[in-house]
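Below: the structure, in structure tokens.
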Amino acid sequence: MRRPSPLLSVLALSLMVVAGCSKQGADGQGGQMPPPEVGVQTLQPATIPLQRDLVGRLSAFRSADVRARVPGVLQRRVYEEGSDVRKGEVLFLIDPAPLQAALGQAKASQATAQANYANAKSAADRARKLIGQKFISQSDYDNAIAAERSAAAALQAGRAAVDAAEINLGYATVRSPIDGRAGRQQVTEGALVGQGDATLLTTVDQIDPLYVDFSASADELAAARRASDGSGSREVQVTLPDGSVYSHPGTLDFTADVVDPSTGAVALRARLPNPEHQLLPGTFVKLRATLSEQREAYRIPQTAVQRDAQGAYVFVVDQAGKAQRKNIDATQLDGSDWIVSSGVSPGDRVIVSGVQRVMQPGQPVTAKPVEAAKPDAAQAAPATAPKQG
């Protein structure tokens, strides 16, 4: 029996390969690659807070210097250093003896003025009766009336001197001007205070609530104002040094109307509750400030945003399963997302993964839903530059 020739074997193998290729084409693929698979996220408008991560410093809500308002020798400190005190609570005692003597002298002068006034008034009353009967001259009448007026003025001055002496005696007992935490004693007992100036004795700081002083760039504030209608939350959330979030959010209550020319920043301040006195003035803290809110806006991941000479754009999947380009206004970056207010519509399926597989608008794609990242996680992620198209 004759063996087949090598040429016939090669020809038979070639026919088998051609038949296999023809069968693959008959299966409906037409020899073309399937549409690329992309991940899409369905957009829905929402009210989005425009937040910034900043660094601030805590300061006392009110800080009052307690000073010696009268001269004297400091006798005793009454309060405990570092303790909480109430308004009007006694903090220091100054030797009252010289002030009591001054008060006694003022009262004696007042009594003399009172007696002089009584005598002058009696003489003036007699002159008023006699002048009508022409028993005294006009000159004597005028002198009596003038003496009465001078005595009345002297009595008034004596009463004012007594009031001043009583006030000074009250200043010998030094009281807290506000509720707060009293600081360290600045002058020891036995020291002469209040000589020439008001000697600082201690400081009382009100630490509930606290202020958080920080700053933001003028460009950020301007963009936040453009994006919002002026309403909405102005919350400030503080992060403690151990990384935990402080349980009492603050409220932005002051924005300066000038820009620091050296830094280009604007000073801001927030009021922060501190009922447990957990926070102390002077501490640097990290904070997340809500500068404004943008209504009817969309949150789009940075991975979905492309850029070219025409500007920023995204690809969306239409009803026919084709990728279509949409130009957007991506100027506000919040965490790892762009905040977009125009260019897209509710229900758009924007391509957030596999964008590099889309070569041109109108290309068929296979869309697979991708779960949107939670806002907190998106904001916590570090911001990166958008991918260039």
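If you're wondering about the labels, chains in the structure tokens are A, B, ... by order shown, residues count from 1 in each chain, ligands from 1 in order shown.
Neighbours of Gln185 in chain A closer than or equal to 7 Å, with only C-alpha atoms counted and sequence neighbours fewer than 5 positions away skipped, come out as Glu81, Leu201 and Thr202 of chain A.
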Test item, helix (DSSP H, G or I) assignment across range 105-354 of chain A, answer as a ChimeraX atom specification: /A:105-132,138-171,218-227,302-304
Do you know which residues are at most 9 Å from Gly311 in chain A counting only C-alpha atoms, after dropping those on the same chain fewer than 6 positions away, and could you put them as a ChimeraX atom specification? /A:327-330
Shell around Val85 in chain A at 8 Å using only C-alpha atoms, local window under 2 positions removed, as an mmCIF file with N, CA and C atoms, in the first residue's frame:
```cif
data_model
loop_
_atom_site.group_PDB
_atom_site.id
_atom_site.type_symbol
_atom_site.label_atom_id
_atom_site.label_comp_id
_atom_site.auth_asym_id
_atom_site.auth_seq_id
_atom_site.Cartn_x
_atom_site.Cartn_y
_atom_site.Cartn_z
ATOM 1 N N TYR A 79 -8.246 81.993 95.132
ATOM 2 C CA TYR A 79 -8.628 80.900 94.227
ATOM 3 C C TYR A 79 -7.486 79.883 94.102
ATOM 4 N N SER A 83 -8.115 76.520 88.262
ATOM 5 C CA SER A 83 -9.483 76.087 88.545
ATOM 6 C C SER A 83 -10.483 76.944 87.776
ATOM 7 N N LYS A 87 -18.102 84.374 87.445
ATOM 8 C CA LYS A 87 -18.060 85.825 87.417
ATOM 9 C C LYS A 87 -18.417 86.376 88.795
ATOM 10 N N GLU A 89 -16.536 85.976 91.475
ATOM 11 C CA GLU A 89 -15.863 85.206 92.522
ATOM 12 C C GLU A 89 -14.572 85.913 92.943
ATOM 13 N N SER A 176 -13.372 87.994 89.786
ATOM 14 C CA SER A 176 -13.279 87.559 88.388
ATOM 15 C C SER A 176 -14.284 88.327 87.547
ATOM 16 N N ASP A 179 -16.874 84.284 83.671
ATOM 17 C CA ASP A 179 -16.762 82.850 83.952
ATOM 18 C C ASP A 179 -15.605 82.293 83.133
ATOM 19 N N GLY A 180 -14.816 81.420 83.722
ATOM 20 C CA GLY A 180 -13.715 80.835 82.963
ATOM 21 C C GLY A 180 -12.739 80.106 83.858
ATOM 22 N N ARG A 181 -11.585 79.846 83.290
ATOM 23 C CA ARG A 181 -10.524 79.137 84.012
ATOM 24 C C ARG A 181 -9.433 80.128 84.381
ATOM 25 N N ALA A 182 -9.171 80.234 85.680
ATOM 26 C CA ALA A 182 -8.180 81.180 86.184
ATOM 27 C C ALA A 182 -6.776 80.611 86.010
#
```
Near-range 38-47 of chain A list (8 Å; only C-alpha atoms; drop same-chain fewer than 4 positions) as an mmCIF file with all heavy atoms, in the first residue's frame:
```
data_model
loop_
_atom_site.group_PDB
_atom_site.id
_atom_site.type_symbol
_atom_site.label_atom_id
_atom_site.label_comp_id
_atom_site.auth_asym_id
_atom_site.auth_seq_id
_atom_site.Cartn_x
_atom_site.Cartn_y
_atom_site.Cartn_z
ATOM 1 N N GLU A 293 -22.383 75.311 49.998
ATOM 2 C CA GLU A 293 -23.048 74.147 49.419
ATOM 3 C C GLU A 293 -23.425 74.460 47.982
ATOM 4 O O GLU A 293 -23.808 75.589 47.661
ATOM 5 C CB GLU A 293 -24.307 73.773 50.211
ATOM 6 C CG GLU A 293 -24.018 73.162 51.572
ATOM 7 C CD GLU A 293 -25.283 72.735 52.272
ATOM 8 O OE1 GLU A 293 -26.373 73.176 51.843
ATOM 9 O OE2 GLU A 293 -25.201 71.964 53.246
ATOM 10 N N GLN A 294 -23.288 73.465 47.131
ATOM 11 C CA GLN A 294 -23.655 73.619 45.722
ATOM 12 C C GLN A 294 -24.843 72.712 45.434
ATOM 13 O O GLN A 294 -24.775 71.494 45.604
ATOM 14 C CB GLN A 294 -22.485 73.266 44.812
ATOM 15 C CG GLN A 294 -22.753 73.550 43.344
ATOM 16 C CD GLN A 294 -21.491 73.500 42.519
ATOM 17 O OE1 GLN A 294 -20.400 73.415 43.049
ATOM 18 N NE2 GLN A 294 -21.635 73.550 41.214
ATOM 19 N N ARG A 295 -25.934 73.328 45.005
ATOM 20 C CA ARG A 295 -27.162 72.579 44.749
ATOM 21 C C ARG A 295 -27.214 72.099 43.290
ATOM 22 O O ARG A 295 -26.645 72.730 42.405
ATOM 23 C CB ARG A 295 -28.382 73.447 45.062
ATOM 24 C CG ARG A 295 -28.394 73.964 46.502
ATOM 25 C CD ARG A 295 -29.620 74.793 46.778
ATOM 26 N NE ARG A 295 -29.577 75.377 48.107
ATOM 27 C CZ ARG A 295 -29.951 74.758 49.210
ATOM 28 N NH1 ARG A 295 -30.406 73.517 49.139
ATOM 29 N NH2 ARG A 295 -29.872 75.349 50.383
ATOM 30 N N GLU A 296 -27.921 70.980 43.085
ATOM 31 C CA GLU A 296 -28.099 70.402 41.748
ATOM 32 C C GLU A 296 -26.753 70.189 41.060
ATOM 33 O O GLU A 296 -26.552 70.565 39.916
ATOM 34 C CB GLU A 296 -29.006 71.302 40.894
ATOM 35 C CG GLU A 296 -30.411 71.481 41.449
ATOM 36 C CD GLU A 296 -31.180 70.170 41.509
ATOM 37 O OE1 GLU A 296 -31.060 69.366 40.561
ATOM 38 O OE2 GLU A 296 -31.889 69.943 42.510
ATOM 39 N N ALA A 297 -25.828 69.583 41.772
ATOM 40 C CA ALA A 297 -24.492 69.323 41.233
ATOM 41 C C ALA A 297 -24.244 67.820 41.211
ATOM 42 O O ALA A 297 -24.983 67.027 41.804
ATOM 43 C CB ALA A 297 -23.429 70.040 42.062
ATOM 44 N N TYR A 298 -23.189 67.444 40.509
ATOM 45 C CA TYR A 298 -22.836 66.035 40.347
ATOM 46 C C TYR A 298 -21.418 65.813 40.856
ATOM 47 O O TYR A 298 -20.532 66.647 40.645
ATOM 48 C CB TYR A 298 -22.924 65.605 38.878
ATOM 49 C CG TYR A 298 -24.267 65.846 38.247
ATOM 50 C CD1 TYR A 298 -24.565 67.073 37.649
ATOM 51 C CD2 TYR A 298 -25.239 64.853 38.245
ATOM 52 C CE1 TYR A 298 -25.802 67.297 37.064
ATOM 53 C CE2 TYR A 298 -26.482 65.075 37.658
ATOM 54 C CZ TYR A 298 -26.752 66.293 37.071
ATOM 55 O OH TYR A 298 -27.970 66.518 36.497
ATOM 56 N N ARG A 299 -21.219 64.663 41.478
ATOM 57 C CA ARG A 299 -19.893 64.261 41.936
ATOM 58 C C ARG A 299 -19.359 63.205 40.962
ATOM 59 O O ARG A 299 -19.920 62.118 40.852
ATOM 60 C CB ARG A 299 -19.968 63.707 43.351
ATOM 61 C CG ARG A 299 -18.618 63.412 43.979
ATOM 62 C CD ARG A 299 -18.788 62.782 45.352
ATOM 63 N NE ARG A 299 -19.389 63.716 46.283
ATOM 64 C CZ ARG A 299 -18.712 64.613 46.978
ATOM 65 N NH1 ARG A 299 -17.403 64.704 46.816
ATOM 66 N NH2 ARG A 299 -19.324 65.415 47.821
ATOM 67 N N VAL A 316 -19.947 59.194 28.201
ATOM 68 C CA VAL A 316 -21.147 58.563 28.738
ATOM 69 C C VAL A 316 -21.619 57.519 27.739
ATOM 70 O O VAL A 316 -21.361 57.615 26.536
ATOM 71 C CB VAL A 316 -22.256 59.604 29.009
ATOM 72 C CG1 VAL A 316 -21.795 60.630 30.029
ATOM 73 C CG2 VAL A 316 -22.701 60.289 27.726
ATOM 74 N N VAL A 317 -22.324 56.521 28.254
ATOM 75 C CA VAL A 317 -22.859 55.447 27.412
ATOM 76 C C VAL A 317 -24.315 55.756 27.122
ATOM 77 O O VAL A 317 -25.139 55.887 28.041
ATOM 78 C CB VAL A 317 -22.717 54.085 28.103
ATOM 79 C CG1 VAL A 317 -23.269 52.981 27.212
ATOM 80 C CG2 VAL A 317 -21.257 53.812 28.448
ATOM 81 N N SER A 345 -26.405 65.264 32.574
ATOM 82 C CA SER A 345 -27.826 65.270 32.913
ATOM 83 C C SER A 345 -28.132 64.131 33.873
ATOM 84 O O SER A 345 -27.372 63.156 33.956
ATOM 85 C CB SER A 345 -28.681 65.125 31.647
ATOM 86 O OG SER A 345 -28.379 66.139 30.713
ATOM 87 N N PRO A 346 -29.243 64.244 34.618
ATOM 88 C CA PRO A 346 -29.622 63.143 35.510
ATOM 89 C C PRO A 346 -29.804 61.841 34.726
ATOM 90 O O PRO A 346 -30.404 61.824 33.659
ATOM 91 C CB PRO A 346 -30.950 63.624 36.121
ATOM 92 C CG PRO A 346 -30.908 65.108 36.003
ATOM 93 C CD PRO A 346 -30.155 65.389 34.741
ATOM 94 N N GLY A 347 -29.274 60.765 35.271
ATOM 95 C CA GLY A 347 -29.384 59.462 34.637
ATOM 96 C C GLY A 347 -28.277 59.134 33.661
ATOM 97 O O GLY A 347 -28.224 58.001 33.151
ATOM 98 N N ASP A 348 -27.390 60.074 33.365
ATOM 99 C CA ASP A 348 -26.262 59.774 32.481
ATOM 100 C C ASP A 348 -25.393 58.685 33.085
ATOM 101 O O ASP A 348 -25.101 58.701 34.285
ATOM 102 C CB ASP A 348 -25.415 61.031 32.249
ATOM 103 C CG ASP A 348 -25.999 61.928 31.170
ATOM 104 O OD1 ASP A 348 -26.953 61.503 30.514
ATOM 105 O OD2 ASP A 348 -25.492 63.060 31.001
ATOM 106 N N ARG A 349 -24.971 57.762 32.223
ATOM 107 C CA ARG A 349 -24.062 56.697 32.659
ATOM 108 C C ARG A 349 -22.651 57.085 32.236
ATOM 109 O O ARG A 349 -22.244 56.868 31.097
ATOM 110 C CB ARG A 349 -24.470 55.357 32.056
ATOM 111 C CG ARG A 349 -25.835 54.847 32.537
ATOM 112 C CD ARG A 349 -26.145 53.468 31.967
ATOM 113 N NE ARG A 349 -26.253 53.496 30.508
ATOM 114 C CZ ARG A 349 -26.278 52.416 29.733
ATOM 115 N NH1 ARG A 349 -26.183 51.209 30.287
ATOM 116 N NH2 ARG A 349 -26.388 52.537 28.423
ATOM 117 N N VAL A 350 -21.908 57.666 33.166
ATOM 118 C CA VAL A 350 -20.575 58.157 32.861
ATOM 119 C C VAL A 350 -19.570 57.024 33.063
ATOM 120 O O VAL A 350 -19.676 56.235 34.015
ATOM 121 C CB VAL A 350 -20.226 59.377 33.733
ATOM 122 C CG1 VAL A 350 -20.204 59.006 35.208
ATOM 123 C CG2 VAL A 350 -18.892 59.979 33.321
ATOM 124 N N ILE A 351 -18.612 56.926 32.152
ATOM 125 C CA ILE A 351 -17.590 55.883 32.229
ATOM 126 C C ILE A 351 -16.546 56.304 33.249
ATOM 127 O O ILE A 351 -15.875 57.339 33.097
ATOM 128 C CB ILE A 351 -16.943 55.650 30.855
ATOM 129 C CG1 ILE A 351 -18.007 55.197 29.844
ATOM 130 C CG2 ILE A 351 -15.814 54.628 30.956
ATOM 131 C CD1 ILE A 351 -17.471 55.003 28.435
ATOM 132 N N VAL A 352 -16.386 55.522 34.316
ATOM 133 C CA VAL A 352 -15.442 55.842 35.378
ATOM 134 C C VAL A 352 -14.252 54.897 35.415
ATOM 135 O O VAL A 352 -13.237 55.192 36.049
ATOM 136 C CB VAL A 352 -16.150 55.836 36.747
ATOM 137 C CG1 VAL A 352 -17.229 56.899 36.803
ATOM 138 C CG2 VAL A 352 -16.756 54.468 37.062
ATOM 139 N N SER A 353 -14.338 53.756 34.737
ATOM 140 C CA SER A 353 -13.202 52.832 34.650
ATOM 141 C C SER A 353 -13.150 52.262 33.235
ATOM 142 O O SER A 353 -14.182 52.057 32.595
ATOM 143 C CB SER A 353 -13.330 51.697 35.674
ATOM 144 O OG SER A 353 -14.464 50.892 35.415
ATOM 145 N N GLY A 354 -11.945 52.026 32.769
ATOM 146 C CA GLY A 354 -11.765 51.549 31.410
ATOM 147 C C GLY A 354 -11.892 52.655 30.380
ATOM 148 O O GLY A 354 -12.146 52.373 29.196
ATOM 149 N N VAL A 355 -11.701 53.915 30.800
ATOM 150 C CA VAL A 355 -11.835 55.037 29.855
ATOM 151 C C VAL A 355 -10.792 54.932 28.747
ATOM 152 O O VAL A 355 -11.036 55.321 27.595
ATOM 153 C CB VAL A 355 -11.703 56.378 30.608
ATOM 154 C CG1 VAL A 355 -11.897 57.555 29.667
ATOM 155 C CG2 VAL A 355 -12.704 56.445 31.751
ATOM 156 N N ARG A 357 -9.966 52.519 27.091
ATOM 157 C CA ARG A 357 -10.369 51.598 26.020
ATOM 158 C C ARG A 357 -11.257 52.288 24.988
ATOM 159 O O ARG A 357 -11.529 51.715 23.937
ATOM 160 C CB ARG A 357 -11.112 50.396 26.616
ATOM 161 C CG ARG A 357 -10.304 49.615 27.655
ATOM 162 C CD ARG A 357 -10.994 48.327 28.033
ATOM 163 N NE ARG A 357 -10.289 47.647 29.113
ATOM 164 C CZ ARG A 357 -10.748 47.513 30.347
ATOM 165 N NH1 ARG A 357 -11.948 47.990 30.637
ATOM 166 N NH2 ARG A 357 -10.051 46.886 31.272
ATOM 167 N N VAL A 365 -19.552 49.970 23.347
ATOM 168 C CA VAL A 365 -18.915 49.480 24.561
ATOM 169 C C VAL A 365 -19.900 48.606 25.312
ATOM 170 O O VAL A 365 -21.119 48.659 25.082
ATOM 171 C CB VAL A 365 -18.458 50.655 25.475
ATOM 172 C CG1 VAL A 365 -17.341 51.451 24.834
ATOM 173 C CG2 VAL A 365 -19.635 51.553 25.828
ATOM 174 N N THR A 366 -19.359 47.803 26.223
ATOM 175 C CA THR A 366 -20.184 46.994 27.114
ATOM 176 C C THR A 366 -20.118 47.622 28.498
ATOM 177 O O THR A 366 -19.057 47.632 29.131
ATOM 178 C CB THR A 366 -19.677 45.542 27.163
ATOM 179 O OG1 THR A 366 -19.714 44.985 25.836
ATOM 180 C CG2 THR A 366 -20.539 44.712 28.096
ATOM 181 N N ALA A 367 -21.236 48.170 28.961
ATOM 182 C CA ALA A 367 -21.260 48.924 30.210
ATOM 183 C C ALA A 367 -21.579 48.008 31.382
ATOM 184 O O ALA A 367 -22.527 47.217 31.328
ATOM 185 C CB ALA A 367 -22.284 50.047 30.132
ATOM 186 N N LYS A 368 -20.775 48.115 32.417
ATOM 187 C CA LYS A 368 -20.990 47.382 33.658
ATOM 188 C C LYS A 368 -21.108 48.395 34.792
ATOM 189 O O LYS A 368 -20.244 49.268 34.932
ATOM 190 C CB LYS A 368 -19.833 46.425 33.953
ATOM 191 C CG LYS A 368 -19.650 45.329 32.904
ATOM 192 C CD LYS A 368 -20.816 44.357 32.910
ATOM 193 C CE LYS A 368 -20.569 43.210 31.931
ATOM 194 N NZ LYS A 368 -21.704 42.262 31.901
ATOM 195 N N PRO A 369 -22.177 48.339 35.630
ATOM 196 C CA PRO A 369 -22.330 49.318 36.721
ATOM 197 C C PRO A 369 -21.186 49.207 37.724
ATOM 198 O O PRO A 369 -20.711 48.117 38.045
ATOM 199 C CB PRO A 369 -23.674 48.945 37.353
ATOM 200 C CG PRO A 369 -24.388 48.150 36.302
ATOM 201 C CD PRO A 369 -23.323 47.418 35.543
ATOM 202 N N VAL A 370 -20.751 50.367 38.207
ATOM 203 C CA VAL A 370 -19.726 50.457 39.248
ATOM 204 C C VAL A 370 -20.331 51.190 40.420
ATOM 205 O O VAL A 370 -20.926 52.265 40.254
ATOM 206 C CB VAL A 370 -18.470 51.202 38.747
ATOM 207 C CG1 VAL A 370 -17.486 51.413 39.882
ATOM 208 C CG2 VAL A 370 -17.821 50.418 37.616
ATOM 209 N N GLU A 371 -20.193 50.633 41.611
ATOM 210 C CA GLU A 371 -20.757 51.274 42.803
ATOM 211 C C GLU A 371 -20.003 52.554 43.098
ATOM 212 O O GLU A 371 -18.768 52.586 43.095
ATOM 213 C CB GLU A 371 -20.673 50.327 44.006
ATOM 214 C CG GLU A 371 -21.312 50.913 45.263
ATOM 215 C CD GLU A 371 -21.229 49.949 46.431
ATOM 216 O OE1 GLU A 371 -20.711 48.844 46.231
ATOM 217 O OE2 GLU A 371 -21.683 50.313 47.527
ATOM 218 N N ALA A 372 -20.759 53.625 43.346
ATOM 219 C CA ALA A 372 -20.139 54.919 43.646
ATOM 220 C C ALA A 372 -19.477 54.872 45.009
ATOM 221 O O ALA A 372 -19.978 54.254 45.950
ATOM 222 C CB ALA A 372 -21.187 56.032 43.614
#
```
I'd like the neighbourhood of Ala223 in chain A as a VMD selection string, where a residue qualifies if any of its atoms comes within 12 Å (using only C-alpha atoms), though same-chain residues fewer than 3 positions away should be ignored. chain A and resid 50 to 51 216 to 220 226 to 229 291 to 294 330 to 333 339
Out of A:Pro241, A:Glu235, A:Pro275, A:Arg76, which residue has the shortest atom-to-atom distance to Pro49 in chain A when counting only C-alpha atoms? A:Glu235
Skip range 118-122 of chain A itself and residues of its chain fewer than 3 positions away, then list as an MDAnalysis selection string all residues within 9 Å of it, counting only C-alpha atoms. chainID A and resid 113:115 125:127 144:152
Selection export as a PDB file, in the first residue's frame, atoms kept: N, CA and C atoms:
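And here is the file that came out, selection_30.pdb:
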```pdb
ATOM      1  N   ALA A 113     -18.939 119.554 104.783  1.00  0.00           N
ATOM      2  CA  ALA A 113     -19.658 120.223 103.695  1.00  0.00           C
ATOM      3  C   ALA A 113     -21.148 120.263 103.969  1.00  0.00           C
ATOM      4  N   GLN A 114     -21.665 119.215 104.596  1.00  0.00           N
ATOM      5  CA  GLN A 114     -23.085 119.190 104.935  1.00  0.00           C
ATOM      6  C   GLN A 114     -23.436 120.284 105.937  1.00  0.00           C
ATOM      7  N   ALA A 115     -22.565 120.449 106.953  1.00  0.00           N
ATOM      8  CA  ALA A 115     -22.806 121.497 107.962  1.00  0.00           C
ATOM      9  C   ALA A 115     -22.712 122.882 107.337  1.00  0.00           C
ATOM     10  N   ASP A 125     -32.110 131.665 103.256  1.00  0.00           N
ATOM     11  CA  ASP A 125     -33.564 131.714 103.463  1.00  0.00           C
ATOM     12  C   ASP A 125     -33.961 133.013 104.171  1.00  0.00           C
ATOM     13  N   ARG A 126     -33.156 133.459 105.156  1.00  0.00           N
ATOM     14  CA  ARG A 126     -33.455 134.715 105.828  1.00  0.00           C
ATOM     15  C   ARG A 126     -33.329 135.889 104.866  1.00  0.00           C
ATOM     16  N   ALA A 127     -32.304 135.831 104.027  1.00  0.00           N
ATOM     17  CA  ALA A 127     -32.106 136.926 103.069  1.00  0.00           C
ATOM     18  C   ALA A 127     -33.270 137.010 102.090  1.00  0.00           C
ATOM     19  N   ALA A 144     -25.450 136.140 100.124  1.00  0.00           N
ATOM     20  CA  ALA A 144     -26.049 134.995 100.821  1.00  0.00           C
ATOM     21  C   ALA A 144     -26.432 133.886  99.837  1.00  0.00           C
ATOM     22  N   ILE A 145     -26.998 134.287  98.718  1.00  0.00           N
ATOM     23  CA  ILE A 145     -27.383 133.284  97.716  1.00  0.00           C
ATOM     24  C   ILE A 145     -26.144 132.597  97.142  1.00  0.00           C
ATOM     25  N   ALA A 146     -25.072 133.354  96.875  1.00  0.00           N
ATOM     26  CA  ALA A 146     -23.841 132.774  96.345  1.00  0.00           C
ATOM     27  C   ALA A 146     -23.208 131.820  97.333  1.00  0.00           C
ATOM     28  N   ALA A 147     -23.244 132.154  98.612  1.00  0.00           N
ATOM     29  CA  ALA A 147     -22.682 131.270  99.631  1.00  0.00           C
ATOM     30  C   ALA A 147     -23.456 129.960  99.697  1.00  0.00           C
ATOM     31  N   GLU A 148     -24.779 130.059  99.544  1.00  0.00           N
ATOM     32  CA  GLU A 148     -25.587 128.835  99.546  1.00  0.00           C
ATOM     33  C   GLU A 148     -25.204 127.930  98.377  1.00  0.00           C
ATOM     34  N   ARG A 149     -25.049 128.525  97.204  1.00  0.00           N
ATOM     35  CA  ARG A 149     -24.695 127.724  96.032  1.00  0.00           C
ATOM     36  C   ARG A 149     -23.314 127.089  96.178  1.00  0.00           C
ATOM     37  N   SER A 150     -22.363 127.841  96.708  1.00  0.00           N
ATOM     38  CA  SER A 150     -21.012 127.293  96.907  1.00  0.00           C
ATOM     39  C   SER A 150     -21.029 126.141  97.906  1.00  0.00           C
ATOM     40  N   ALA A 151     -21.811 126.272  98.951  1.00  0.00           N
ATOM     41  CA  ALA A 151     -21.905 125.203  99.948  1.00  0.00           C
ATOM     42  C   ALA A 151     -22.556 123.964  99.351  1.00  0.00           C
ATOM     43  N   ALA A 152     -23.571 124.169  98.470  1.00  0.00           N
ATOM     44  CA  ALA A 152     -24.223 123.028  97.825  1.00  0.00           C
ATOM     45  C   ALA A 152     -23.243 122.298  96.912  1.00  0.00           C
TER      46      ALA A 152
END
```
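Compared by their closest atoms to Arg269 in chain A, and using only C-alpha atoms, the residues A:Arg57, A:Arg175, A:Arg184, A:Arg159 rank with A:Arg57 nearest.
Closest approach to Ile94 in chain A among A:Asp213, A:Glu189, A:Asp253, A:Asp260: A:Glu189, based on only C-alpha atoms.
The interatomic distance for the pair CA of Ala198 in chain A and CA of Asp65 in chain A works out to 10.1 Å.
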Where does range 38-96 of chain A meet range 280-287 of chain A within 6 Å, residue by residue, with the nearest atom pair and distance in Å to one decimal for each, counting only C-alpha atoms, listed by chain and rising number, as CSV?
```
residue,atom,partner,partner_atom,distance
A:Asp53,CA,A:Leu287,CA,5.8
A:Leu54,CA,A:Leu287,CA,5.4
A:Val55,CA,A:Lys286,CA,4.6
A:Gly56,CA,A:Val285,CA,5.5
A:Arg57,CA,A:Phe284,CA,4.4
A:Leu58,CA,A:Pro281,CA,4.8
A:Ser59,CA,A:Pro281,CA,4.4
A:Ala60,CA,A:Pro281,CA,5.5
```
Selection to disk with N, CA, C and O atoms, as a PDB file, in the first residue's frame:
```pdb
ATOM      1  N   ASP A  53      -9.868  70.818  53.684  1.00  0.00           N
ATOM      2  CA  ASP A  53      -9.082  70.363  54.828  1.00  0.00           C
ATOM      3  C   ASP A  53      -8.022  71.404  55.128  1.00  0.00           C
ATOM      4  O   ASP A  53      -7.176  71.709  54.284  1.00  0.00           O
ATOM      5  N   LEU A  54      -8.073  71.952  56.347  1.00  0.00           N
ATOM      6  CA  LEU A  54      -7.217  73.069  56.725  1.00  0.00           C
ATOM      7  C   LEU A  54      -6.604  72.802  58.091  1.00  0.00           C
ATOM      8  O   LEU A  54      -6.907  71.797  58.749  1.00  0.00           O
ATOM      9  N   VAL A  55      -5.747  73.707  58.516  1.00  0.00           N
ATOM     10  CA  VAL A  55      -5.128  73.652  59.840  1.00  0.00           C
ATOM     11  C   VAL A  55      -5.459  74.946  60.568  1.00  0.00           C
ATOM     12  O   VAL A  55      -5.368  76.034  59.993  1.00  0.00           O
ATOM     13  N   GLY A  56      -5.880  74.835  61.821  1.00  0.00           N
ATOM     14  CA  GLY A  56      -6.237  76.012  62.609  1.00  0.00           C
ATOM     15  C   GLY A  56      -5.658  75.929  64.003  1.00  0.00           C
ATOM     16  O   GLY A  56      -5.053  74.933  64.404  1.00  0.00           O
ATOM     17  N   ARG A  57      -5.880  77.016  64.743  1.00  0.00           N
ATOM     18  CA  ARG A  57      -5.381  77.083  66.116  1.00  0.00           C
ATOM     19  C   ARG A  57      -6.522  77.506  67.029  1.00  0.00           C
ATOM     20  O   ARG A  57      -7.279  78.416  66.708  1.00  0.00           O
ATOM     21  N   LEU A  58      -6.622  76.824  68.167  1.00  0.00           N
ATOM     22  CA  LEU A  58      -7.675  77.119  69.123  1.00  0.00           C
ATOM     23  C   LEU A  58      -7.310  78.344  69.950  1.00  0.00           C
ATOM     24  O   LEU A  58      -6.140  78.550  70.292  1.00  0.00           O
ATOM     25  N   SER A  59      -8.312  79.140  70.269  1.00  0.00           N
ATOM     26  CA  SER A  59      -8.126  80.301  71.131  1.00  0.00           C
ATOM     27  C   SER A  59      -9.325  80.434  72.045  1.00  0.00           C
ATOM     28  O   SER A  59     -10.418  79.929  71.748  1.00  0.00           O
ATOM     29  N   ALA A  60      -9.121  81.115  73.176  1.00  0.00           N
ATOM     30  CA  ALA A  60     -10.194  81.279  74.154  1.00  0.00           C
ATOM     31  C   ALA A  60     -11.312  82.134  73.583  1.00  0.00           C
ATOM     32  O   ALA A  60     -11.083  83.068  72.811  1.00  0.00           O
TER      33      ALA A  60
END
```
Please return as a PyMOL selection string: the residues of range 278-372 of chain A that backbone DSSP assigns to strand (DSSP E). chain A and resi 284-301+306-308+311-317+323-327+330-334+337-340+349-353+366-369
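Counting only C-alpha atoms and comparing A:Val204, A:Val212, A:Ala256, A:Val187, the residue that lies closest to Gly88 in chain A is A:Val204.
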Report, in Å to a single decimal, how far apart CA of Phe254 in chain A and CA of Asn274 in chain A are. 18.5 Å
Separation of CA of Leu210 in chain A and CA of Leu272 in chain A, in Å? 5.1 Å
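Proximity to Leu74 in chain A was assessed for A:Asn168, A:Ser262, A:Leu268, A:Thr199 counting only C-alpha atoms; the smallest distance is recorded for A:Thr199.
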